[in-house]
>>> print(open('work.cif').read())   # mmCIF, N, CA and C atoms
data_coords
#
loop_
_atom_site.label_atom_id
_atom_site.label_comp_id
_atom_site.auth_asym_id
_atom_site.auth_seq_id
_atom_site.Cartn_x
_atom_site.Cartn_y
_atom_site.Cartn_z
N MET A 219 -15.60 -20.69 37.82
CA MET A 219 -15.02 -21.32 36.65
C MET A 219 -15.54 -20.66 35.37
N GLN A 220 -16.82 -20.38 35.31
CA GLN A 220 -17.36 -19.73 34.11
C GLN A 220 -16.74 -18.35 33.93
N ARG A 221 -16.45 -17.64 35.00
CA ARG A 221 -15.85 -16.32 34.89
C ARG A 221 -14.46 -16.41 34.26
N ARG A 222 -13.67 -17.36 34.64
CA ARG A 222 -12.34 -17.53 34.06
C ARG A 222 -12.42 -17.85 32.57
N ILE A 223 -13.33 -18.69 32.21
CA ILE A 223 -13.49 -19.04 30.80
C ILE A 223 -13.88 -17.81 30.00
N PHE A 224 -14.79 -17.02 30.52
CA PHE A 224 -15.20 -15.80 29.84
C PHE A 224 -14.03 -14.84 29.68
N LEU A 225 -13.26 -14.65 30.72
CA LEU A 225 -12.13 -13.73 30.65
C LEU A 225 -11.08 -14.20 29.66
N LEU A 226 -10.79 -15.48 29.66
CA LEU A 226 -9.80 -16.00 28.71
C LEU A 226 -10.32 -15.88 27.28
N THR A 227 -11.58 -16.22 27.06
CA THR A 227 -12.15 -16.11 25.73
C THR A 227 -12.20 -14.66 25.29
N GLY A 228 -12.62 -13.79 26.17
CA GLY A 228 -12.70 -12.37 25.86
C GLY A 228 -11.35 -11.77 25.53
N SER A 229 -10.32 -12.11 26.30
CA SER A 229 -9.00 -11.55 26.03
C SER A 229 -8.42 -12.12 24.74
N ALA A 230 -8.73 -13.36 24.42
CA ALA A 230 -8.21 -13.96 23.19
C ALA A 230 -8.79 -13.26 21.96
N LEU A 231 -10.01 -12.76 22.06
CA LEU A 231 -10.63 -12.08 20.94
C LEU A 231 -9.91 -10.78 20.59
N PHE A 232 -9.26 -10.16 21.56
CA PHE A 232 -8.61 -8.88 21.32
C PHE A 232 -7.16 -8.99 20.87
N LEU A 233 -6.56 -10.15 20.93
CA LEU A 233 -5.16 -10.29 20.55
C LEU A 233 -4.87 -9.96 19.10
N PRO A 234 -5.66 -10.40 18.12
CA PRO A 234 -5.31 -10.13 16.73
C PRO A 234 -5.49 -8.67 16.30
N ILE A 235 -6.28 -7.89 16.99
CA ILE A 235 -6.61 -6.54 16.55
C ILE A 235 -5.38 -5.66 16.33
N PRO A 236 -4.41 -5.57 17.25
CA PRO A 236 -3.25 -4.73 16.98
C PRO A 236 -2.48 -5.16 15.73
N ALA A 237 -2.38 -6.44 15.48
CA ALA A 237 -1.66 -6.91 14.30
C ALA A 237 -2.37 -6.47 13.03
N ILE A 238 -3.70 -6.52 13.02
CA ILE A 238 -4.46 -6.08 11.85
C ILE A 238 -4.30 -4.58 11.66
N ALA A 239 -4.38 -3.83 12.72
CA ALA A 239 -4.25 -2.38 12.63
C ALA A 239 -2.88 -1.97 12.11
N GLU A 240 -1.84 -2.69 12.46
CA GLU A 240 -0.49 -2.34 12.03
C GLU A 240 -0.26 -2.59 10.55
N THR A 241 -0.97 -3.53 9.95
CA THR A 241 -0.73 -3.85 8.54
C THR A 241 -1.72 -3.18 7.61
N ALA A 242 -2.85 -2.73 8.10
CA ALA A 242 -3.85 -2.09 7.24
C ALA A 242 -3.29 -0.79 6.67
N GLY A 243 -3.47 -0.60 5.38
CA GLY A 243 -3.03 0.64 4.76
C GLY A 243 -1.55 0.72 4.45
N ARG A 244 -0.83 -0.37 4.58
CA ARG A 244 0.61 -0.37 4.27
C ARG A 244 0.80 -0.81 2.83
N ALA A 245 1.53 -0.01 2.06
CA ALA A 245 1.71 -0.27 0.64
C ALA A 245 3.18 -0.38 0.30
N THR A 246 3.47 -1.15 -0.76
CA THR A 246 4.81 -1.23 -1.33
C THR A 246 4.72 -0.72 -2.76
N LEU A 247 5.49 0.32 -3.06
CA LEU A 247 5.46 0.96 -4.36
C LEU A 247 6.78 0.72 -5.08
N TYR A 248 6.71 0.10 -6.25
CA TYR A 248 7.89 -0.15 -7.08
C TYR A 248 7.96 0.93 -8.14
N LYS A 249 9.16 1.51 -8.33
CA LYS A 249 9.32 2.61 -9.27
C LYS A 249 10.66 2.54 -9.96
N ASN A 250 10.76 3.21 -11.09
CA ASN A 250 12.02 3.37 -11.78
C ASN A 250 12.94 4.20 -10.88
N PRO A 251 14.21 3.83 -10.72
CA PRO A 251 15.10 4.56 -9.82
C PRO A 251 15.24 6.05 -10.14
N GLN A 252 15.08 6.45 -11.39
CA GLN A 252 15.25 7.84 -11.77
C GLN A 252 13.96 8.67 -11.71
N CYS A 253 12.84 8.07 -11.41
CA CYS A 253 11.56 8.77 -11.49
C CYS A 253 11.26 9.57 -10.22
N GLY A 254 11.09 10.87 -10.39
CA GLY A 254 10.77 11.75 -9.27
C GLY A 254 9.28 11.85 -8.99
N CYS A 255 8.45 11.72 -10.02
CA CYS A 255 7.01 11.86 -9.79
C CYS A 255 6.47 10.73 -8.92
N CYS A 256 7.13 9.58 -8.97
CA CYS A 256 6.71 8.45 -8.13
C CYS A 256 6.94 8.78 -6.65
N GLU A 257 8.02 9.47 -6.36
CA GLU A 257 8.27 9.94 -4.99
C GLU A 257 7.19 10.93 -4.58
N GLY A 258 6.76 11.77 -5.52
CA GLY A 258 5.68 12.71 -5.26
C GLY A 258 4.37 12.00 -4.96
N TYR A 259 4.12 10.91 -5.69
CA TYR A 259 2.91 10.12 -5.45
C TYR A 259 2.97 9.46 -4.08
N ALA A 260 4.13 8.91 -3.72
CA ALA A 260 4.28 8.28 -2.40
C ALA A 260 4.06 9.32 -1.29
N ALA A 261 4.59 10.53 -1.47
CA ALA A 261 4.39 11.60 -0.48
C ALA A 261 2.91 11.96 -0.38
N TYR A 262 2.22 12.02 -1.51
CA TYR A 262 0.78 12.29 -1.55
C TYR A 262 0.02 11.23 -0.75
N LEU A 263 0.36 9.96 -0.95
CA LEU A 263 -0.31 8.88 -0.21
C LEU A 263 -0.03 8.99 1.29
N ARG A 264 1.22 9.28 1.64
CA ARG A 264 1.57 9.44 3.06
C ARG A 264 0.79 10.59 3.67
N ASP A 265 0.68 11.70 2.94
CA ASP A 265 -0.08 12.86 3.43
C ASP A 265 -1.54 12.52 3.64
N ASN A 266 -2.00 11.46 2.99
CA ASN A 266 -3.39 11.03 3.11
C ASN A 266 -3.54 9.78 3.97
N GLY A 267 -2.54 9.51 4.81
CA GLY A 267 -2.67 8.49 5.84
C GLY A 267 -2.20 7.08 5.51
N LEU A 268 -1.62 6.85 4.35
CA LEU A 268 -1.13 5.51 4.03
C LEU A 268 0.36 5.41 4.32
N GLU A 269 0.78 4.24 4.74
CA GLU A 269 2.21 3.96 4.90
C GLU A 269 2.70 3.38 3.59
N VAL A 270 3.79 3.94 3.07
CA VAL A 270 4.29 3.52 1.76
C VAL A 270 5.78 3.24 1.84
N ASP A 271 6.16 2.04 1.43
CA ASP A 271 7.57 1.67 1.28
C ASP A 271 7.88 1.79 -0.21
N VAL A 272 8.88 2.58 -0.58
CA VAL A 272 9.26 2.77 -1.97
C VAL A 272 10.46 1.90 -2.29
N LYS A 273 10.34 1.14 -3.37
CA LYS A 273 11.41 0.22 -3.78
C LYS A 273 11.80 0.52 -5.23
N PRO A 274 12.97 1.12 -5.45
CA PRO A 274 13.44 1.34 -6.82
C PRO A 274 13.75 0.01 -7.50
N THR A 275 13.42 -0.07 -8.79
CA THR A 275 13.67 -1.28 -9.56
C THR A 275 13.84 -0.95 -11.03
N ASN A 276 14.59 -1.76 -11.72
CA ASN A 276 14.71 -1.65 -13.17
C ASN A 276 13.81 -2.67 -13.87
N ASP A 277 12.98 -3.38 -13.11
CA ASP A 277 12.10 -4.42 -13.64
C ASP A 277 10.63 -4.04 -13.52
N LEU A 278 10.33 -2.77 -13.61
CA LEU A 278 8.96 -2.29 -13.37
C LEU A 278 7.94 -2.91 -14.33
N LEU A 279 8.26 -2.96 -15.60
CA LEU A 279 7.33 -3.52 -16.58
C LEU A 279 7.03 -4.98 -16.28
N GLU A 280 8.05 -5.73 -15.92
CA GLU A 280 7.86 -7.14 -15.58
C GLU A 280 6.99 -7.29 -14.33
N ILE A 281 7.22 -6.46 -13.32
CA ILE A 281 6.41 -6.50 -12.09
C ILE A 281 4.96 -6.19 -12.40
N SER A 282 4.75 -5.18 -13.22
CA SER A 282 3.40 -4.77 -13.60
C SER A 282 2.68 -5.89 -14.35
N HIS A 283 3.35 -6.49 -15.32
CA HIS A 283 2.71 -7.55 -16.10
C HIS A 283 2.45 -8.80 -15.27
N LYS A 284 3.38 -9.16 -14.38
CA LYS A 284 3.16 -10.32 -13.50
C LYS A 284 1.96 -10.11 -12.58
N ALA A 285 1.69 -8.83 -12.26
CA ALA A 285 0.55 -8.51 -11.40
C ALA A 285 -0.76 -8.51 -12.18
N GLY A 286 -0.68 -8.66 -13.52
CA GLY A 286 -1.88 -8.75 -14.33
C GLY A 286 -2.26 -7.49 -15.08
N VAL A 287 -1.45 -6.43 -14.99
CA VAL A 287 -1.76 -5.19 -15.69
C VAL A 287 -1.55 -5.44 -17.19
N PRO A 288 -2.60 -5.22 -18.00
CA PRO A 288 -2.48 -5.48 -19.43
C PRO A 288 -1.46 -4.57 -20.11
N GLU A 289 -0.85 -5.10 -21.16
CA GLU A 289 0.11 -4.32 -21.94
C GLU A 289 -0.58 -3.07 -22.49
N GLY A 290 0.10 -1.94 -22.37
CA GLY A 290 -0.44 -0.67 -22.82
C GLY A 290 -1.30 0.03 -21.79
N MET A 291 -1.56 -0.62 -20.66
CA MET A 291 -2.38 -0.03 -19.59
C MET A 291 -1.55 0.27 -18.34
N GLU A 292 -0.23 0.18 -18.48
CA GLU A 292 0.65 0.40 -17.34
C GLU A 292 0.66 1.88 -16.94
N GLY A 293 0.88 2.09 -15.66
CA GLY A 293 1.09 3.43 -15.14
C GLY A 293 2.57 3.67 -14.95
N CYS A 294 2.87 4.71 -14.22
CA CYS A 294 4.25 5.13 -13.99
C CYS A 294 4.97 4.26 -12.95
N HIS A 295 4.23 3.65 -12.08
CA HIS A 295 4.78 2.82 -11.00
C HIS A 295 3.74 1.76 -10.65
N THR A 296 4.17 0.76 -9.89
CA THR A 296 3.28 -0.33 -9.51
C THR A 296 3.30 -0.47 -7.99
N MET A 297 2.12 -0.46 -7.39
CA MET A 297 2.00 -0.53 -5.94
C MET A 297 1.12 -1.72 -5.56
N PHE A 298 1.47 -2.32 -4.43
CA PHE A 298 0.67 -3.42 -3.89
C PHE A 298 0.20 -3.03 -2.49
N ILE A 299 -1.11 -3.25 -2.25
CA ILE A 299 -1.68 -2.95 -0.94
C ILE A 299 -2.86 -3.89 -0.70
N ASP A 300 -2.87 -4.52 0.43
CA ASP A 300 -3.98 -5.40 0.86
C ASP A 300 -4.43 -6.38 -0.22
N GLY A 301 -3.48 -6.96 -0.93
CA GLY A 301 -3.81 -7.98 -1.92
C GLY A 301 -4.17 -7.44 -3.30
N TYR A 302 -4.10 -6.15 -3.50
CA TYR A 302 -4.42 -5.53 -4.79
C TYR A 302 -3.19 -4.88 -5.39
N VAL A 303 -3.18 -4.78 -6.73
CA VAL A 303 -2.18 -4.01 -7.44
C VAL A 303 -2.83 -2.68 -7.83
N ILE A 304 -2.08 -1.61 -7.68
CA ILE A 304 -2.53 -0.29 -8.11
C ILE A 304 -1.41 0.28 -8.96
N ASP A 305 -1.70 0.47 -10.23
CA ASP A 305 -0.70 0.93 -11.19
C ASP A 305 -0.99 2.39 -11.54
N GLY A 306 0.02 3.23 -11.42
CA GLY A 306 -0.11 4.62 -11.82
C GLY A 306 -0.56 5.55 -10.71
N HIS A 307 -0.84 6.78 -11.10
CA HIS A 307 -1.14 7.89 -10.18
C HIS A 307 -2.61 7.92 -9.78
N VAL A 308 -3.12 6.85 -9.25
CA VAL A 308 -4.53 6.72 -8.87
C VAL A 308 -4.81 7.58 -7.64
N PRO A 309 -5.85 8.43 -7.69
CA PRO A 309 -6.21 9.25 -6.53
C PRO A 309 -6.52 8.39 -5.30
N VAL A 310 -6.16 8.90 -4.13
CA VAL A 310 -6.30 8.13 -2.89
C VAL A 310 -7.75 7.77 -2.59
N ASN A 311 -8.71 8.61 -2.96
CA ASN A 311 -10.11 8.25 -2.69
C ASN A 311 -10.53 7.04 -3.52
N VAL A 312 -9.93 6.83 -4.70
CA VAL A 312 -10.23 5.64 -5.50
C VAL A 312 -9.55 4.42 -4.88
N VAL A 313 -8.34 4.61 -4.34
CA VAL A 313 -7.66 3.52 -3.63
C VAL A 313 -8.51 3.09 -2.44
N ARG A 314 -9.01 4.05 -1.68
CA ARG A 314 -9.86 3.73 -0.52
C ARG A 314 -11.15 3.03 -0.94
N LYS A 315 -11.73 3.48 -2.04
CA LYS A 315 -12.94 2.83 -2.57
C LYS A 315 -12.67 1.36 -2.86
N LEU A 316 -11.54 1.09 -3.52
CA LEU A 316 -11.15 -0.29 -3.84
C LEU A 316 -11.02 -1.12 -2.57
N LEU A 317 -10.32 -0.58 -1.58
CA LEU A 317 -10.07 -1.33 -0.34
C LEU A 317 -11.35 -1.52 0.48
N LYS A 318 -12.29 -0.61 0.35
CA LYS A 318 -13.56 -0.74 1.06
C LYS A 318 -14.49 -1.74 0.35
N GLU A 319 -14.59 -1.62 -0.97
CA GLU A 319 -15.50 -2.48 -1.73
C GLU A 319 -14.97 -3.90 -1.90
N ARG A 320 -13.64 -4.05 -2.00
CA ARG A 320 -12.98 -5.34 -2.17
C ARG A 320 -13.58 -6.17 -3.31
N PRO A 321 -13.64 -5.60 -4.51
CA PRO A 321 -14.19 -6.36 -5.64
C PRO A 321 -13.27 -7.52 -6.03
N PRO A 322 -13.81 -8.52 -6.74
CA PRO A 322 -13.01 -9.69 -7.13
C PRO A 322 -12.17 -9.41 -8.38
N ILE A 323 -11.27 -8.45 -8.28
CA ILE A 323 -10.36 -8.09 -9.36
C ILE A 323 -8.94 -8.11 -8.82
N ALA A 324 -7.95 -8.07 -9.71
CA ALA A 324 -6.55 -8.04 -9.27
C ALA A 324 -6.16 -6.66 -8.77
N GLY A 325 -6.80 -5.62 -9.32
CA GLY A 325 -6.48 -4.26 -8.91
C GLY A 325 -7.01 -3.24 -9.88
N ILE A 326 -6.36 -2.05 -9.90
CA ILE A 326 -6.78 -0.95 -10.75
C ILE A 326 -5.56 -0.27 -11.35
N THR A 327 -5.79 0.44 -12.47
CA THR A 327 -4.68 1.13 -13.13
C THR A 327 -5.15 2.46 -13.73
N LEU A 328 -4.28 3.44 -13.64
CA LEU A 328 -4.43 4.71 -14.34
C LEU A 328 -3.26 4.77 -15.31
N PRO A 329 -3.50 4.44 -16.58
CA PRO A 329 -2.41 4.34 -17.54
C PRO A 329 -1.67 5.66 -17.76
N GLY A 330 -0.38 5.54 -18.06
CA GLY A 330 0.44 6.69 -18.41
C GLY A 330 0.78 7.57 -17.22
N MET A 331 0.99 8.83 -17.51
CA MET A 331 1.37 9.82 -16.50
C MET A 331 0.54 11.09 -16.72
N PRO A 332 -0.77 11.04 -16.46
CA PRO A 332 -1.63 12.19 -16.76
C PRO A 332 -1.24 13.44 -15.97
N GLU A 333 -1.12 14.54 -16.69
CA GLU A 333 -0.79 15.82 -16.08
C GLU A 333 -1.83 16.18 -15.02
N GLY A 334 -1.35 16.63 -13.87
CA GLY A 334 -2.23 17.05 -12.79
C GLY A 334 -2.78 15.91 -11.93
N SER A 335 -2.44 14.67 -12.26
CA SER A 335 -2.85 13.57 -11.40
C SER A 335 -1.99 13.58 -10.15
N PRO A 336 -2.41 12.91 -9.07
CA PRO A 336 -1.64 12.96 -7.82
C PRO A 336 -0.17 12.59 -8.03
N GLY A 337 0.72 13.49 -7.62
CA GLY A 337 2.16 13.28 -7.76
C GLY A 337 2.73 13.88 -9.03
N MET A 338 1.88 14.25 -9.98
CA MET A 338 2.31 14.85 -11.24
C MET A 338 2.14 16.36 -11.18
N SER A 339 3.02 17.05 -11.86
CA SER A 339 2.92 18.50 -11.91
C SER A 339 1.85 18.92 -12.92
N GLY A 340 1.55 20.19 -12.91
CA GLY A 340 0.58 20.74 -13.85
C GLY A 340 -0.83 20.67 -13.34
N LYS A 341 -1.72 21.15 -14.19
CA LYS A 341 -3.15 21.18 -13.85
C LYS A 341 -3.86 20.07 -14.60
N GLN A 342 -4.73 19.39 -13.91
CA GLN A 342 -5.51 18.33 -14.55
C GLN A 342 -6.42 18.96 -15.61
N THR A 343 -6.30 18.50 -16.84
CA THR A 343 -7.06 19.09 -17.93
C THR A 343 -8.21 18.20 -18.40
N GLY A 344 -8.17 16.95 -18.07
CA GLY A 344 -9.24 16.04 -18.49
C GLY A 344 -9.63 15.12 -17.36
N THR A 345 -10.52 14.23 -17.65
CA THR A 345 -10.99 13.26 -16.67
C THR A 345 -9.97 12.13 -16.55
N LEU A 346 -9.66 11.77 -15.31
CA LEU A 346 -8.80 10.61 -15.06
C LEU A 346 -9.69 9.37 -15.11
N VAL A 347 -9.33 8.41 -15.94
CA VAL A 347 -10.11 7.18 -16.07
C VAL A 347 -9.29 6.04 -15.49
N ILE A 348 -9.80 5.46 -14.41
CA ILE A 348 -9.13 4.35 -13.73
C ILE A 348 -9.83 3.06 -14.15
N TYR A 349 -9.04 2.10 -14.63
CA TYR A 349 -9.57 0.84 -15.14
C TYR A 349 -9.31 -0.31 -14.16
N THR A 350 -10.11 -1.35 -14.27
CA THR A 350 -9.87 -2.55 -13.48
C THR A 350 -8.71 -3.33 -14.08
N VAL A 351 -8.02 -4.05 -13.22
CA VAL A 351 -7.06 -5.06 -13.64
C VAL A 351 -7.78 -6.36 -13.30
N PRO A 352 -8.37 -6.99 -14.33
CA PRO A 352 -9.20 -8.17 -14.06
C PRO A 352 -8.39 -9.40 -13.71
N LYS A 353 -9.09 -10.36 -13.14
CA LYS A 353 -8.52 -11.68 -12.85
C LYS A 353 -9.06 -12.66 -13.89
N ASP A 354 -8.35 -13.71 -14.11
CA ASP A 354 -8.83 -14.85 -14.90
C ASP A 354 -9.29 -14.49 -16.31
N GLY A 355 -8.61 -13.54 -16.96
CA GLY A 355 -8.92 -13.22 -18.34
C GLY A 355 -10.22 -12.49 -18.57
N LYS A 356 -10.82 -11.96 -17.53
CA LYS A 356 -12.07 -11.22 -17.70
C LYS A 356 -11.79 -9.89 -18.42
N THR A 357 -12.83 -9.26 -18.89
CA THR A 357 -12.71 -8.00 -19.62
C THR A 357 -12.41 -6.85 -18.67
N GLN A 358 -11.52 -5.99 -19.12
CA GLN A 358 -11.17 -4.80 -18.35
C GLN A 358 -12.32 -3.80 -18.47
N GLU A 359 -12.63 -3.12 -17.35
CA GLU A 359 -13.72 -2.16 -17.31
C GLU A 359 -13.28 -0.88 -16.64
N VAL A 360 -14.05 0.19 -16.81
CA VAL A 360 -13.79 1.42 -16.08
C VAL A 360 -14.21 1.19 -14.64
N TYR A 361 -13.31 1.50 -13.70
CA TYR A 361 -13.61 1.35 -12.28
C TYR A 361 -14.08 2.66 -11.67
N ALA A 362 -13.43 3.76 -12.07
CA ALA A 362 -13.79 5.07 -11.51
C ALA A 362 -13.29 6.16 -12.45
N THR A 363 -13.89 7.34 -12.33
CA THR A 363 -13.40 8.52 -13.04
C THR A 363 -13.26 9.65 -12.04
N GLU A 364 -12.31 10.52 -12.31
CA GLU A 364 -12.06 11.68 -11.43
C GLU A 364 -11.99 12.93 -12.27
#
>>> encode(input="work.cif", output="structure tokens")
Amino acid sequence: MQRRIFLLTGSALFLPIPAIAETAGRATLYKNPQCGCCEGYAAYLRDNGLEVDVKPTNDLLEISHKAGVPEGMEGCHTMFIDGYVIDGHVPVNVVRKLLKERPPIAGITLPGMPEGSPGMSGKQTGTLVIYTVPKDGKTQEVYATE
């Protein structure tokens, strides 16, 4: 009898693992329908192991603001992954840092369309500064630099 209980308990522990593995790293990226660099960013993320669903929209600013991205700090597109918002051309290693550390923030943003950032053409000429998207009216801070 104890053997059966152990086997049932042991097998039940392994049931959720495939479901977690299938959803980890899956992102939804909202972009302006005419924007090509957003497709480049999605391809960059895919090349680095993330699954990305791209959704064209004409309501990008509204989506970004509802997610908590402050006015003037918006990026080129808005992405959601594992409960976080990521706005703009944020390098994948910073995305991974966020998902590993899981800080109590809404997400991160790289404002504008910096030349040479992932998905953008040209050579990076300056430091990319990625900011927090705070929760509950807290102050925005620098999260990472590249």
>>> residues_around(input="work.cif", residues="region 335-345 of chain A", least_positions_apart="3", cutoff="5 Å", atoms="all atoms listed in the file", output="MDAnalysis selection string")
chainID A and resid 255 258:259 332 364
>>> residues_around(input="work.cif", residues="region 283-287 of chain A", least_positions_apart="4", cutoff="9 Å", atoms="only C-alpha atoms", output="PyMOL selection string")
chain A and resi 278-279+291-292+296+302-303+305+324-327+350-353
>>> atom_distance(input="work.cif", atom1="CA of Gly293 (chain A)", atom2="atom N of Val308 (chain A)")
8.0 Å
>>> select_by_dssp(input="work.cif", residues="region 252-297 of chain A", states="strand (DSSP E or B)", output="mmCIF file with N, CA and C atoms, keeping the file's coordinate frame")
data_model
loop_
_atom_site.group_PDB
_atom_site.id
_atom_site.type_symbol
_atom_site.label_atom_id
_atom_site.label_comp_id
_atom_site.auth_asym_id
_atom_site.auth_seq_id
_atom_site.Cartn_x
_atom_site.Cartn_y
_atom_site.Cartn_z
ATOM 1 N N GLU A 269 0.780 4.240 4.740
ATOM 2 C CA GLU A 269 2.210 3.960 4.900
ATOM 3 C C GLU A 269 2.700 3.380 3.590
ATOM 4 N N VAL A 270 3.790 3.940 3.070
ATOM 5 C CA VAL A 270 4.290 3.520 1.760
ATOM 6 C C VAL A 270 5.780 3.240 1.840
ATOM 7 N N ASP A 271 6.160 2.040 1.430
ATOM 8 C CA ASP A 271 7.570 1.670 1.280
ATOM 9 C C ASP A 271 7.880 1.790 -0.210
ATOM 10 N N VAL A 272 8.880 2.580 -0.580
ATOM 11 C CA VAL A 272 9.260 2.770 -1.970
ATOM 12 C C VAL A 272 10.460 1.900 -2.290
ATOM 13 N N LYS A 273 10.340 1.140 -3.370
ATOM 14 C CA LYS A 273 11.410 0.220 -3.780
ATOM 15 C C LYS A 273 11.800 0.520 -5.230
ATOM 16 N N PRO A 274 12.970 1.120 -5.450
ATOM 17 C CA PRO A 274 13.440 1.340 -6.820
ATOM 18 C C PRO A 274 13.750 0.010 -7.500
ATOM 19 N N GLY A 293 0.880 2.090 -15.660
ATOM 20 C CA GLY A 293 1.090 3.430 -15.140
ATOM 21 C C GLY A 293 2.570 3.670 -14.950
ATOM 22 N N THR A 296 4.170 0.760 -9.890
ATOM 23 C CA THR A 296 3.280 -0.330 -9.510
ATOM 24 C C THR A 296 3.300 -0.470 -7.990
ATOM 25 N N MET A 297 2.120 -0.460 -7.390
ATOM 26 C CA MET A 297 2.000 -0.530 -5.940
ATOM 27 C C MET A 297 1.120 -1.720 -5.560
#
>>> closest_residue(input="work.cif", among="A:His295, A:Val272, A:Glu333, A:Leu328", to="Tyr349 (chain A)", atoms="all atoms listed in the file")
A:Leu328
>>> select_by_dssp(input="work.cif", residues="region 249-286 of chain A", states="alpha helix (DSSP H)", output="list in words")
Cys255, Cys256, Glu257, Gly258, Tyr259, Ala260, Ala261, Tyr262, Leu263, Arg264, Asp265, Leu278, Leu279, Glu280, Ile281, Ser282, His283 and Lys284 of chain A
>>> atom_distance(input="work.cif", atom1="atom N of Thr275 (chain A)", atom2="atom N of Asp354 (chain A)")
26.2 Å
>>> residues_around(input="work.cif", residues="Ile299 (chain A)", least_positions_apart="5", cutoff="6.5 Å", atoms="all atoms listed in the file", output="PyMOL selection string")
chain A and resi 244-246+304
>>> write_last_selection(input="work.cif", atoms="N, CA and C atoms", output="short mmCIF file (atom, residue, chain, number, x, y, z; two decimals), keeping the file's coordinate frame")
data_model
loop_
_atom_site.label_atom_id
_atom_site.label_comp_id
_atom_site.auth_asym_id
_atom_site.auth_seq_id
_atom_site.Cartn_x
_atom_site.Cartn_y
_atom_site.Cartn_z
N ARG A 244 -0.83 -0.37 4.58
CA ARG A 244 0.61 -0.37 4.27
C ARG A 244 0.80 -0.81 2.83
N ALA A 245 1.53 -0.01 2.06
CA ALA A 245 1.71 -0.27 0.64
C ALA A 245 3.18 -0.38 0.30
N THR A 246 3.47 -1.15 -0.76
CA THR A 246 4.81 -1.23 -1.33
C THR A 246 4.72 -0.72 -2.76
N ILE A 304 -2.08 -1.61 -7.68
CA ILE A 304 -2.53 -0.29 -8.11
C ILE A 304 -1.41 0.28 -8.96
#
>>> resolve_selection(input="work.cif", expression="the PyMOL selection byres ((chain A and resi 250) around 6.5)", output="MDAnalysis selection string")
chainID A and resid 248:249 251:253 274:276 278 294:295
>>> closest_residue(input="work.cif", among="A:Ile281, A:Gly355, A:Val310, A:Gly290", to="Asp265 (chain A)", atoms="only C-alpha atoms")
A:Val310
>>> atom_distance(input="work.cif", atom1="CA of Ala362 (chain A)", atom2="CA of Lys315 (chain A)")
9.3 Å
>>> closest_residue(input="work.cif", among="A:Glu280, A:Arg320, A:Arg314, A:Val360", to="Leu263 (chain A)", atoms="only C-alpha atoms")
A:Arg314
>>> closest_residue(input="work.cif", among="A:Met331, A:Ile348, A:Ile323, A:Leu247", to="Leu268 (chain A)", atoms="only C-alpha atoms")
A:Leu247
>>> closest_residue(input="work.cif", among="A:Gly330, A:Gln358, A:Glu269, A:Ala261", to="His307 (chain A)", atoms="only C-alpha atoms")
A:Gly330
